[in-house]
file input19.cif (mmCIF, C-alpha atoms)
data_work
#
loop_
_atom_site.group_PDB
_atom_site.id
_atom_site.type_symbol
_atom_site.label_atom_id
_atom_site.label_comp_id
_atom_site.auth_asym_id
_atom_site.auth_seq_id
_atom_site.Cartn_x
_atom_site.Cartn_y
_atom_site.Cartn_z
ATOM 1 C CA MET G 56 -99.548 -152.719 77.802
ATOM 2 C CA ALA G 57 -102.486 -154.552 76.240
ATOM 3 C CA MET G 58 -102.812 -158.205 77.269
ATOM 4 C CA ALA G 59 -104.724 -161.098 75.669
ATOM 5 C CA THR G 60 -107.337 -163.123 77.573
ATOM 6 C CA LEU G 61 -107.440 -166.891 77.266
ATOM 7 C CA PHE G 62 -110.531 -168.356 75.585
ATOM 8 C CA SER G 63 -111.461 -171.747 74.143
ATOM 9 C CA VAL G 64 -109.587 -173.022 71.105
ATOM 10 C CA ALA G 65 -112.548 -172.378 68.838
ATOM 11 C CA ALA G 66 -112.869 -168.804 70.060
ATOM 12 C CA LEU G 67 -109.163 -168.264 69.608
ATOM 13 C CA VAL G 68 -109.244 -169.219 65.959
ATOM 14 C CA ALA G 69 -112.294 -167.096 65.288
ATOM 15 C CA ALA G 70 -111.231 -164.028 67.257
ATOM 16 C CA SER G 71 -107.581 -163.243 66.478
ATOM 17 C CA PHE G 72 -104.247 -164.919 66.119
ATOM 18 C CA LEU G 73 -102.867 -163.307 69.273
ATOM 19 C CA LEU G 74 -105.328 -165.304 71.332
ATOM 20 C CA SER G 75 -104.310 -168.385 69.392
ATOM 21 C CA VAL G 76 -100.697 -167.582 70.225
ATOM 22 C CA SER G 77 -101.539 -167.386 73.916
ATOM 23 C CA LYS G 78 -103.202 -170.801 73.798
ATOM 24 C CA VAL G 79 -100.598 -172.760 71.869
ATOM 25 C CA GLN G 80 -97.752 -171.536 74.035
ATOM 26 C CA THR G 81 -99.148 -173.456 76.988
ATOM 27 C CA THR G 82 -100.805 -176.568 75.589
ATOM 28 C CA GLN G 83 -98.010 -178.929 74.587
ATOM 29 C CA THR G 84 -94.504 -179.946 75.566
ATOM 30 C CA SER G 85 -92.012 -182.044 73.674
ATOM 31 C CA LEU G 86 -89.689 -184.632 75.168
ATOM 32 C CA PHE G 87 -86.075 -184.906 74.118
ATOM 33 C CA PRO G 88 -84.862 -186.658 72.025
ATOM 34 C CA SER G 89 -87.999 -187.404 69.991
ATOM 35 C CA ASP G 90 -87.876 -184.114 68.078
ATOM 36 C CA PHE G 91 -84.179 -183.188 68.270
ATOM 37 C CA THR G 92 -80.646 -184.317 67.495
ATOM 38 C CA GLN G 93 -77.630 -183.238 69.524
ATOM 39 C CA ASN G 94 -75.334 -181.846 66.869
ATOM 40 C CA TRP G 95 -72.608 -180.253 68.990
ATOM 41 C CA ALA G 96 -70.859 -181.572 72.105
ATOM 42 C CA PRO G 97 -73.570 -183.987 73.274
ATOM 43 C CA GLN G 98 -71.666 -184.453 76.547
ATOM 44 C CA MET G 99 -72.675 -180.857 77.388
ATOM 45 C CA PHE G 100 -76.379 -181.618 77.057
ATOM 46 C CA GLY G 101 -78.515 -182.426 80.075
ATOM 47 C CA THR G 102 -82.136 -183.252 80.801
ATOM 48 C CA SER G 103 -84.343 -183.335 83.872
ATOM 49 C CA GLN G 104 -85.524 -186.661 85.259
ATOM 50 C CA ASN G 105 -88.925 -186.314 83.590
ATOM 51 C CA GLY G 106 -87.352 -185.210 80.291
ATOM 52 C CA GLN G 107 -89.237 -181.914 80.157
ATOM 53 C CA ILE G 108 -86.381 -179.504 80.917
ATOM 54 C CA TRP G 109 -83.210 -179.616 78.849
ATOM 55 C CA SER G 110 -79.930 -177.811 79.340
ATOM 56 C CA LEU G 111 -76.946 -176.755 77.257
ATOM 57 C CA SER G 112 -73.617 -175.885 78.862
ATOM 58 C CA LEU G 113 -70.676 -173.733 77.847
ATOM 59 C CA ILE G 114 -67.141 -174.175 79.160
ATOM 60 C CA ASN G 115 -63.872 -172.729 77.914
ATOM 61 C CA ALA G 116 -63.291 -175.794 75.741
ATOM 62 C CA THR G 117 -66.645 -175.974 73.981
ATOM 63 C CA GLY G 118 -70.228 -174.830 73.658
ATOM 64 C CA SER G 119 -73.119 -177.103 72.749
ATOM 65 C CA GLY G 120 -76.289 -177.284 70.686
ATOM 66 C CA TYR G 121 -79.082 -179.279 69.107
ATOM 67 C CA LEU G 122 -81.501 -179.044 66.161
ATOM 68 C CA THR G 123 -84.866 -180.436 65.180
ATOM 69 C CA ASN G 124 -85.033 -183.627 63.177
ATOM 70 C CA ASN G 125 -87.518 -182.050 60.772
ATOM 71 C CA LYS G 126 -87.686 -178.963 58.602
ATOM 72 C CA TYR G 127 -90.719 -176.701 58.479
ATOM 73 C CA GLN G 128 -92.040 -173.976 56.228
ATOM 74 C CA PHE G 129 -94.474 -171.507 57.788
ATOM 75 C CA GLY G 130 -96.184 -171.842 61.134
ATOM 76 C CA TRP G 131 -95.780 -171.085 64.826
ATOM 77 C CA PHE G 132 -92.573 -172.014 66.677
ATOM 78 C CA SER G 133 -92.066 -171.509 70.408
ATOM 79 C CA MET G 134 -89.550 -172.400 73.105
ATOM 80 C CA LYS G 135 -89.369 -171.385 76.758
ATOM 81 C CA ILE G 136 -85.803 -170.521 77.785
ATOM 82 C CA LYS G 137 -84.077 -169.598 81.033
ATOM 83 C CA LEU G 138 -80.738 -167.943 80.349
ATOM 84 C CA ALA G 139 -77.393 -168.436 82.065
ATOM 85 C CA GLY G 140 -76.708 -165.960 84.867
ATOM 86 C CA SER G 141 -73.647 -165.331 87.047
ATOM 87 C CA ASN G 142 -71.658 -162.820 85.027
ATOM 88 C CA ALA G 143 -72.352 -164.078 81.517
ATOM 89 C CA ALA G 144 -70.404 -161.475 79.516
ATOM 90 C CA GLY G 145 -69.492 -162.876 76.114
ATOM 91 C CA VAL G 146 -71.966 -165.759 76.402
ATOM 92 C CA VAL G 147 -74.307 -166.078 73.428
ATOM 93 C CA THR G 148 -77.425 -168.221 73.744
ATOM 94 C CA THR G 149 -79.414 -168.801 70.578
ATOM 95 C CA TYR G 150 -82.788 -170.057 69.452
ATOM 96 C CA PHE G 151 -83.062 -169.814 65.695
ATOM 97 C CA MET G 152 -84.321 -171.224 62.430
ATOM 98 C CA CYS G 153 -82.036 -172.012 59.509
ATOM 99 C CA SER G 154 -82.460 -173.659 56.131
ATOM 100 C CA GLU G 155 -79.130 -175.498 56.480
ATOM 101 C CA ASN G 156 -77.352 -177.484 59.163
ATOM 102 C CA GLY G 157 -74.448 -175.065 59.057
ATOM 103 C CA ALA G 158 -73.714 -171.481 58.093
ATOM 104 C CA GLY G 159 -73.912 -172.049 54.347
ATOM 105 C CA PRO G 160 -73.395 -169.170 51.900
ATOM 106 C CA THR G 161 -77.003 -169.262 50.616
ATOM 107 C CA ARG G 162 -78.866 -169.985 53.834
ATOM 108 C CA ASP G 163 -82.049 -168.378 55.091
ATOM 109 C CA GLU G 164 -82.069 -167.763 58.841
ATOM 110 C CA VAL G 165 -84.234 -166.241 61.580
ATOM 111 C CA ASP G 166 -82.407 -165.572 64.862
ATOM 112 C CA PHE G 167 -83.000 -164.956 68.535
ATOM 113 C CA GLU G 168 -79.552 -164.261 70.032
ATOM 114 C CA PHE G 169 -79.242 -163.488 73.742
ATOM 115 C CA LEU G 170 -76.092 -161.543 74.542
ATOM 116 C CA GLY G 171 -74.838 -161.971 78.095
ATOM 117 C CA ASN G 172 -73.445 -159.177 80.221
ATOM 118 C CA VAL G 173 -71.468 -158.535 83.377
ATOM 119 C CA SER G 174 -73.290 -159.013 86.665
ATOM 120 C CA GLY G 175 -75.823 -156.274 87.323
ATOM 121 C CA GLN G 176 -76.154 -155.339 83.650
ATOM 122 C CA PRO G 177 -79.049 -156.591 81.493
ATOM 123 C CA TYR G 178 -78.948 -159.160 78.745
ATOM 124 C CA ILE G 179 -79.531 -157.786 75.249
ATOM 125 C CA LEU G 180 -81.803 -159.669 72.858
ATOM 126 C CA GLN G 181 -80.565 -159.426 69.287
ATOM 127 C CA THR G 182 -82.761 -160.597 66.415
ATOM 128 C CA ASN G 183 -81.562 -160.979 62.856
ATOM 129 C CA VAL G 184 -82.790 -162.291 59.514
ATOM 130 C CA PHE G 185 -80.794 -163.769 56.631
ATOM 131 C CA LYS G 186 -81.932 -164.417 53.091
ATOM 132 C CA ASN G 187 -79.741 -166.277 50.601
ATOM 133 C CA GLY G 188 -76.769 -165.828 52.930
ATOM 134 C CA THR G 189 -77.165 -162.067 53.395
ATOM 135 C CA GLY G 190 -77.853 -160.726 56.882
ATOM 136 C CA GLY G 191 -77.080 -157.369 58.415
ATOM 137 C CA ARG G 192 -80.682 -156.908 59.602
ATOM 138 C CA GLU G 193 -80.038 -156.724 63.348
ATOM 139 C CA MET G 194 -82.376 -155.314 65.953
ATOM 140 C CA ARG G 195 -81.456 -155.172 69.634
ATOM 141 C CA HIS G 196 -83.771 -154.792 72.617
ATOM 142 C CA PHE G 197 -83.504 -154.793 76.360
ATOM 143 C CA LEU G 198 -86.041 -157.038 78.034
ATOM 144 C CA TRP G 199 -88.547 -155.859 80.639
ATOM 145 C CA PHE G 200 -87.705 -158.754 82.989
ATOM 146 C CA ASP G 201 -84.694 -160.747 84.161
ATOM 147 C CA PRO G 202 -84.387 -163.629 81.629
ATOM 148 C CA THR G 203 -82.110 -165.559 84.001
ATOM 149 C CA ALA G 204 -84.666 -165.723 86.827
ATOM 150 C CA ASP G 205 -87.350 -167.812 85.142
ATOM 151 C CA PHE G 206 -88.506 -169.319 81.848
ATOM 152 C CA HIS G 207 -89.993 -167.044 79.191
ATOM 153 C CA ALA G 208 -91.433 -167.974 75.799
ATOM 154 C CA TYR G 209 -89.618 -166.864 72.650
ATOM 155 C CA SER G 210 -91.672 -167.493 69.533
ATOM 156 C CA VAL G 211 -91.866 -166.901 65.805
ATOM 157 C CA LEU G 212 -94.958 -166.573 63.646
ATOM 158 C CA TRP G 213 -94.040 -167.172 60.004
ATOM 159 C CA ASN G 214 -96.316 -167.107 57.002
ATOM 160 C CA ASN G 215 -96.033 -165.727 53.495
ATOM 161 C CA HIS G 216 -97.194 -162.290 54.660
ATOM 162 C CA GLN G 217 -95.207 -161.533 57.786
ATOM 163 C CA LEU G 218 -92.532 -162.805 60.133
ATOM 164 C CA VAL G 219 -93.125 -161.829 63.767
ATOM 165 C CA PHE G 220 -90.811 -162.294 66.763
ATOM 166 C CA PHE G 221 -92.604 -162.648 70.114
ATOM 167 C CA VAL G 222 -91.382 -162.517 73.698
ATOM 168 C CA ASP G 223 -94.063 -164.209 75.764
ATOM 169 C CA GLU G 224 -97.224 -162.750 74.160
ATOM 170 C CA THR G 225 -95.611 -159.483 73.048
ATOM 171 C CA PRO G 226 -94.460 -158.869 69.454
ATOM 172 C CA ILE G 227 -91.065 -157.199 69.412
ATOM 173 C CA ARG G 228 -90.229 -157.312 65.718
ATOM 174 C CA VAL G 229 -92.171 -157.558 62.459
ATOM 175 C CA LEU G 230 -90.800 -158.174 58.966
ATOM 176 C CA THR G 231 -93.434 -157.719 56.275
ATOM 177 C CA ASN G 232 -93.371 -159.443 52.900
ATOM 178 C CA THR G 233 -93.344 -156.418 50.623
ATOM 179 C CA ASP G 234 -93.101 -158.367 47.338
ATOM 180 C CA TYR G 235 -90.288 -156.161 46.079
ATOM 181 C CA THR G 236 -88.243 -157.458 43.154
ATOM 182 C CA ASN G 237 -85.336 -157.993 45.546
ATOM 183 C CA ASN G 238 -87.628 -158.714 48.466
ATOM 184 C CA PHE G 239 -85.736 -159.490 51.665
ATOM 185 C CA PHE G 240 -88.254 -161.941 53.072
ATOM 186 C CA PRO G 241 -87.427 -165.622 53.739
ATOM 187 C CA ASN G 242 -90.367 -167.519 52.260
ATOM 188 C CA THR G 243 -88.961 -170.121 49.860
ATOM 189 C CA LYS G 244 -86.775 -172.412 51.978
ATOM 190 C CA PRO G 245 -87.882 -174.751 54.781
ATOM 191 C CA MET G 246 -85.933 -174.450 58.019
ATOM 192 C CA TYR G 247 -84.703 -176.506 60.938
ATOM 193 C CA LEU G 248 -84.909 -175.096 64.474
ATOM 194 C CA PHE G 249 -81.734 -174.850 66.526
ATOM 195 C CA SER G 250 -80.610 -173.941 70.035
ATOM 196 C CA SER G 251 -77.033 -173.401 71.145
ATOM 197 C CA ILE G 252 -74.766 -171.709 73.669
ATOM 198 C CA TRP G 253 -71.301 -170.516 72.733
ATOM 199 C CA CYS G 254 -68.609 -167.932 73.400
ATOM 200 C CA GLY G 255 -68.961 -164.720 71.404
ATOM 201 C CA ASP G 256 -66.712 -162.494 73.456
ATOM 202 C CA THR G 257 -65.011 -161.099 70.354
ATOM 203 C CA TRP G 258 -68.185 -159.073 69.653
ATOM 204 C CA ALA G 259 -71.166 -159.809 71.914
ATOM 205 C CA THR G 260 -70.562 -157.614 74.983
ATOM 206 C CA GLU G 261 -69.732 -153.958 74.339
ATOM 207 C CA GLY G 262 -68.420 -154.836 70.906
ATOM 208 C CA GLY G 263 -65.987 -157.399 72.305
ATOM 209 C CA LEU G 264 -64.429 -155.133 74.936
ATOM 210 C CA VAL G 265 -65.656 -157.340 77.807
ATOM 211 C CA LYS G 266 -64.355 -160.896 77.713
ATOM 212 C CA THR G 267 -65.866 -164.031 79.197
ATOM 213 C CA ASN G 268 -64.851 -164.710 82.798
ATOM 214 C CA TRP G 269 -64.371 -168.466 82.776
ATOM 215 C CA THR G 270 -64.239 -168.689 86.568
ATOM 216 C CA TYR G 271 -68.055 -168.525 86.368
ATOM 217 C CA ALA G 272 -68.255 -171.504 83.992
ATOM 218 C CA PRO G 273 -70.044 -173.674 83.243
ATOM 219 C CA PHE G 274 -72.673 -171.323 81.830
ATOM 220 C CA VAL G 275 -75.948 -173.213 81.517
ATOM 221 C CA SER G 276 -79.104 -172.339 79.594
ATOM 222 C CA TYR G 277 -82.376 -174.239 80.136
ATOM 223 C CA TYR G 278 -85.174 -175.081 77.707
ATOM 224 C CA THR G 279 -88.705 -176.387 78.037
ATOM 225 C CA ASP G 280 -92.187 -176.377 76.443
ATOM 226 C CA PHE G 281 -91.051 -176.635 72.838
ATOM 227 C CA TYR G 282 -94.089 -176.210 70.613
ATOM 228 C CA VAL G 283 -94.494 -176.297 66.840
ATOM 229 C CA ASP G 284 -97.739 -175.783 64.947
ATOM 230 C CA ALA G 285 -96.386 -175.681 61.408
ATOM 231 C CA CYS G 286 -96.130 -177.296 58.015
ATOM 232 C CA GLU G 287 -93.585 -180.111 58.199
ATOM 233 C CA TRP G 288 -91.524 -180.180 55.036
ATOM 234 C CA VAL G 289 -91.501 -183.360 52.976
ATOM 235 C CA ASP G 290 -90.017 -182.825 49.509
ATOM 236 C CA PRO G 291 -91.434 -181.155 47.534
ATOM 237 C CA SER G 292 -94.155 -180.321 50.120
ATOM 238 C CA PRO G 293 -96.360 -178.111 47.915
ATOM 239 C CA ALA G 294 -98.916 -177.878 50.732
ATOM 240 C CA CYS G 295 -96.543 -175.616 52.656
ATOM 241 C CA LEU G 296 -96.822 -173.016 49.912
ATOM 242 C CA SER G 297 -100.604 -173.029 49.879
ATOM 243 C CA THR G 298 -102.576 -170.016 51.101
ATOM 244 C CA THR G 299 -105.780 -172.044 51.447
ATOM 245 C CA THR G 300 -104.856 -174.238 54.408
ATOM 246 C CA GLN G 301 -107.043 -174.321 57.505
ATOM 247 C CA ASN G 302 -104.190 -173.529 59.888
ATOM 248 C CA TRP G 303 -104.782 -170.392 61.978
ATOM 249 C CA TRP G 304 -101.266 -169.140 61.232
ATOM 250 C CA ASP G 305 -101.984 -169.131 57.491
ATOM 251 C CA GLN G 306 -105.341 -167.322 57.629
ATOM 252 C CA SER G 307 -105.935 -163.632 56.958
ATOM 253 C CA GLY G 308 -106.159 -162.842 60.670
ATOM 254 C CA ALA G 309 -102.466 -163.766 60.997
ATOM 255 C CA TRP G 310 -101.295 -161.622 58.083
ATOM 256 C CA GLN G 311 -100.876 -158.497 60.179
ATOM 257 C CA LEU G 312 -100.755 -157.470 63.806
ATOM 258 C CA THR G 313 -104.011 -157.038 65.680
ATOM 259 C CA ALA G 314 -104.770 -153.657 67.248
ATOM 260 C CA SER G 315 -103.689 -154.855 70.699
ATOM 261 C CA GLN G 316 -100.518 -156.393 69.271
ATOM 262 C CA GLN G 317 -99.693 -153.122 67.526
ATOM 263 C CA GLU G 318 -100.087 -151.312 70.841
ATOM 264 C CA ASP G 319 -97.742 -153.777 72.545
ATOM 265 C CA TYR G 320 -95.284 -153.563 69.654
ATOM 266 C CA ASN G 321 -95.165 -149.764 69.825
ATOM 267 C CA TRP G 322 -94.644 -149.950 73.598
ATOM 268 C CA VAL G 323 -91.601 -152.191 73.113
ATOM 269 C CA GLN G 324 -89.984 -149.936 70.503
ATOM 270 C CA LYS G 325 -90.564 -146.770 72.534
ATOM 271 C CA ASN G 326 -89.147 -148.215 75.759
ATOM 272 C CA PHE G 327 -86.699 -151.017 75.008
ATOM 273 C CA LEU G 328 -85.181 -150.578 71.536
ATOM 274 C CA VAL G 329 -81.381 -150.452 71.591
ATOM 275 C CA TYR G 330 -80.497 -150.723 67.878
ATOM 276 C CA TYR G 331 -82.365 -150.933 64.583
ATOM 277 C CA TYR G 332 -80.484 -151.308 61.325
ATOM 278 C CA CYS G 333 -82.999 -149.160 59.452
ATOM 279 C CA LEU G 334 -81.996 -146.212 61.663
ATOM 280 C CA ASP G 335 -78.257 -146.740 61.116
ATOM 281 C CA THR G 336 -77.411 -144.206 58.425
ATOM 282 C CA VAL G 337 -73.683 -144.603 59.125
ATOM 283 C CA ARG G 338 -73.791 -148.282 58.245
ATOM 284 C CA TYR G 339 -76.366 -147.778 55.485
ATOM 285 C CA PRO G 340 -76.013 -144.208 54.178
ATOM 286 C CA PRO G 341 -78.649 -143.173 51.621
ATOM 287 C CA PRO G 342 -79.249 -144.527 49.060
ATOM 288 C CA THR G 343 -77.857 -147.848 50.386
ATOM 289 C CA MET G 344 -80.521 -148.300 53.070
ATOM 290 C CA PRO G 345 -82.101 -151.761 52.586
ATOM 291 C CA GLU G 346 -85.264 -151.501 50.528
ATOM 292 C CA GLU G 347 -87.527 -153.161 53.080
ATOM 293 C CA CYS G 348 -86.850 -150.340 55.558
ATOM 294 C CA SER G 349 -89.350 -148.150 53.717
ATOM 295 C CA SER G 350 -92.191 -150.567 54.505
ATOM 296 C CA ASN G 351 -91.187 -152.005 57.889
ATOM 297 C CA THR G 352 -91.658 -148.884 59.987
ATOM 298 C CA ILE G 353 -91.515 -148.687 63.756
ATOM 299 C CA GLN G 354 -92.492 -146.129 66.360
ATOM 300 C CA TYR G 355 -89.355 -145.103 68.218
ATOM 301 C CA GLY G 356 -89.875 -142.502 70.888
ATOM 302 C CA ASN G 357 -92.435 -140.148 69.373
ATOM 303 C CA GLN G 358 -91.274 -140.662 65.811
ATOM 304 C CA TYR G 359 -92.054 -143.260 63.163
ATOM 305 C CA TYR G 360 -89.192 -144.631 61.057
#
call {"tool": "encode", "arguments": {"input": "input19.cif", "output": "structure tokens"}}
result
Amino acid sequence: MAMATLFSVAALVAASFLLSVSKVQTTQTSLFPSDFTQNWAPQMFGTSQNGQIWSLSLINATGSGYLTNNKYQFGWFSMKIKLAGSNAAGVVTTYFMCSENGAGPTRDEVDFEFLGNVSGQPYILQTNVFKNGTGGREMRHFLWFDPTADFHAYSVLWNNHQLVFFVDETPIRVLTNTDYTNNFFPNTKPMYLFSSIWCGDTWATEGGLVKTNWTYAPFVSYYTDFYVDACEWVDPSPACLSTTTQNWWDQSGAWQLTASQQEDYNWVQKNFLVYYYCLDTVRYPPPTMPEECSSNTIQYGNQYY
């Protein structure tokens, strides 16, 4: 798998946005609660003595969560997460962006959802995108490491041209702005960032067949190194819609994957893809396949879809 090399900040901006990604993931941390509000079961939130590692806990009675104080439109968003272990079937840990503080019927949303499993079986990473309240755009991947053993960075690059999900420095999913009449690309609504842990044992593990074993509770997820390099939304914030800003994430080099990123992306799809909605002809029989599937192709095995 191709890997980026760290250079100076100036070289990163000039060379490619992957190198910029590698730099910003490691240059800044954020202390709670300066950037966040506990919006669900604050008694289940914890923090290290130095304030740099946060935790959310799940017990049978309640999950927990928090969100950013600010909304953003376009930029780079990253969080390092260490997932709950110890037989976490039915446990759902999330890191996501949403245009509303709640699951409103017209929300835009960009999701990382980590689906726990029984001991000895791997977590599944599910990503999803909503626009105007419509979702159904799930992808699922296995990870190439144990996400409960250490922190790993989960990041989103979002501009008006593409939306890219990263695990550490590796792109695992790309949604391209195709400019269709009914374009399924979230580019008009600013979003908060959220994290949460909750019980999803009605669906998360083997379609809900495996239930959460509460004797292993509390289930605890850990967070650190939150980083945002983005346009902070202040109504009406016309600057966020500009394509002439000097931010690296809004320049032409960040409008598509680099050659090395494309290589990494293909490697992920060939080796770790579990489910892709654009391949699900039972759920979306022709001609009901979502329109963006024709432009957001992936290499799966030796075939492109």
call {"tool": "resolve_selection", "arguments": {"input": "input19.cif", "expression": "the PyMOL selection byres ((chain G and resi 136) around 7)", "output": "PyMOL selection string"}}
result
chain G and resi 134-135+137-138+206-208+277-279
call {"tool": "closest_residue", "arguments": {"input": "input19.cif", "among": "G:Ala139, G:Met152, G:Ile227, G:Ile108", "to": "Glu318 (chain G)", "atoms": "all atoms listed in the file"}}
result
G:Ile227
call {"tool": "closest_residue", "arguments": {"input": "input19.cif", "among": "G:Met194, G:Val229, G:Ala143, G:Ala158", "to": "Gly175 (chain G)", "atoms": "all atoms listed in the file"}}
result
G:Ala143
call {"tool": "residues_around", "arguments": {"input": "input19.cif", "residues": "Trp199 (chain G)", "least_positions_apart": "5", "cutoff": "10 Å", "atoms": "only C-alpha atoms", "output": "list of chain:residue names"}}
result
G:Pro177, G:Val323, G:Asn326, G:Phe327
call {"tool": "write_last_selection", "arguments": {"input": "input19.cif", "atoms": "C-alpha atoms", "output": "CSV table (one decimal), in the coordinates of the input"}}
result
chain,number,residue,atom,x,y,z
G,177,PRO,CA,-79.0,-156.6,81.5
G,323,VAL,CA,-91.6,-152.2,73.1
G,326,ASN,CA,-89.1,-148.2,75.8
G,327,PHE,CA,-86.7,-151.0,75.0
call {"tool": "resolve_selection", "arguments": {"input": "input19.cif", "expression": "the PyMOL selection byres ((chain G and resi 148) around 10)", "output": "PyMOL selection string"}}
result
chain G and resi 111-113+118-120+136-139+145-147+149-151+167-171+180+250-255+274-276
call {"tool": "atom_distance", "arguments": {"input": "input19.cif", "atom1": "CA of Ala272 (chain G)", "atom2": "CA of Thr260 (chain G)"}}
result
16.7 Å
call {"tool": "atom_distance", "arguments": {"input": "input19.cif", "atom1": "CA of Asn268 (chain G)", "atom2": "CA of Ala116 (chain G)"}}
result
13.2 Å
call {"tool": "closest_residue", "arguments": {"input": "input19.cif", "among": "G:Ala259, G:Cys333, G:Ala314, G:Leu264", "to": "Asn351 (chain G)", "atoms": "all atoms listed in the file"}}
result
G:Cys333
call {"tool": "closest_residue", "arguments": {"input": "input19.cif", "among": "G:Gln176, G:Thr123, G:Asn156, G:Ser133", "to": "Val222 (chain G)", "atoms": "all atoms listed in the file"}}
result
G:Ser133
call {"tool": "resolve_selection", "arguments": {"input": "input19.cif", "expression": "the PyMOL selection byres ((chain G and resi 164) around 8)", "output": "VMD selection string"}}
result
chain G and resid 151 to 154 162 to 163 165 to 166 183 to 186 241 246
call {"tool": "atom_distance", "arguments": {"input": "input19.cif", "atom1": "CA of Trp131 (chain G)", "atom2": "CA of Thr233 (chain G)"}}
result
20.6 Å
call {"tool": "residues_around", "arguments": {"input": "input19.cif", "residues": "Asn238 (chain G)", "least_positions_apart": "3", "cutoff": "12 Å", "atoms": "all atoms listed in the file", "output": "list in words"}}
result
Phe185, Lys186, Asn187, His216, Leu230, Thr231, Asn232, Thr233, Asp234, Tyr235, Pro241, Asn242, Thr243, Pro345, Glu346, Glu347, Cys348, Ser349 and Ser350 of chain G
call {"tool": "residues_around", "arguments": {"input": "input19.cif", "residues": "Trp310 (chain G)", "least_positions_apart": "4", "cutoff": "8 Å", "atoms": "all atoms listed in the file", "output": "list in words"}}
result
Asn214, His216, Gln217, Asp305 and Gln306 of chain G
call {"tool": "closest_residue", "arguments": {"input": "input19.cif", "among": "G:Gly157, G:Ala96, G:Arg228, G:Ser174", "to": "Tyr331 (chain G)", "atoms": "all atoms listed in the file"}}
result
G:Arg228
call {"tool": "residues_around", "arguments": {"input": "input19.cif", "residues": "Gln128 (chain G)", "least_positions_apart": "5", "cutoff": "12 Å", "atoms": "all atoms listed in the file", "output": "PyMOL selection string"}}
result
chain G and resi 152-154+163+211-215+218+241-248+283-297+304-305
call {"tool": "axis_aligned_box", "arguments": {"input": "input19.cif", "around": "region 132-148 of chain G", "padding_each_side": "6 Å", "output": "AutoDock Vina command-line options"}}
result
--center_x -81.0 --center_y -166.9 --center_z 76.9 --size_x 35.1 --size_y 22.9 --size_z 32.4
call {"tool": "closest_residue", "arguments": {"input": "input19.cif", "among": "G:Tyr271, G:Trp95, G:Trp109, G:Phe197", "to": "Val329 (chain G)", "atoms": "all atoms listed in the file"}}
result
G:Phe197
call {"tool": "residues_around", "arguments": {"input": "input19.cif", "residues": "Phe100 (chain G)", "least_positions_apart": "2", "cutoff": "6 Å", "atoms": "only C-alpha atoms", "output": "PyMOL selection string"}}
result
chain G and resi 97-98+110-111
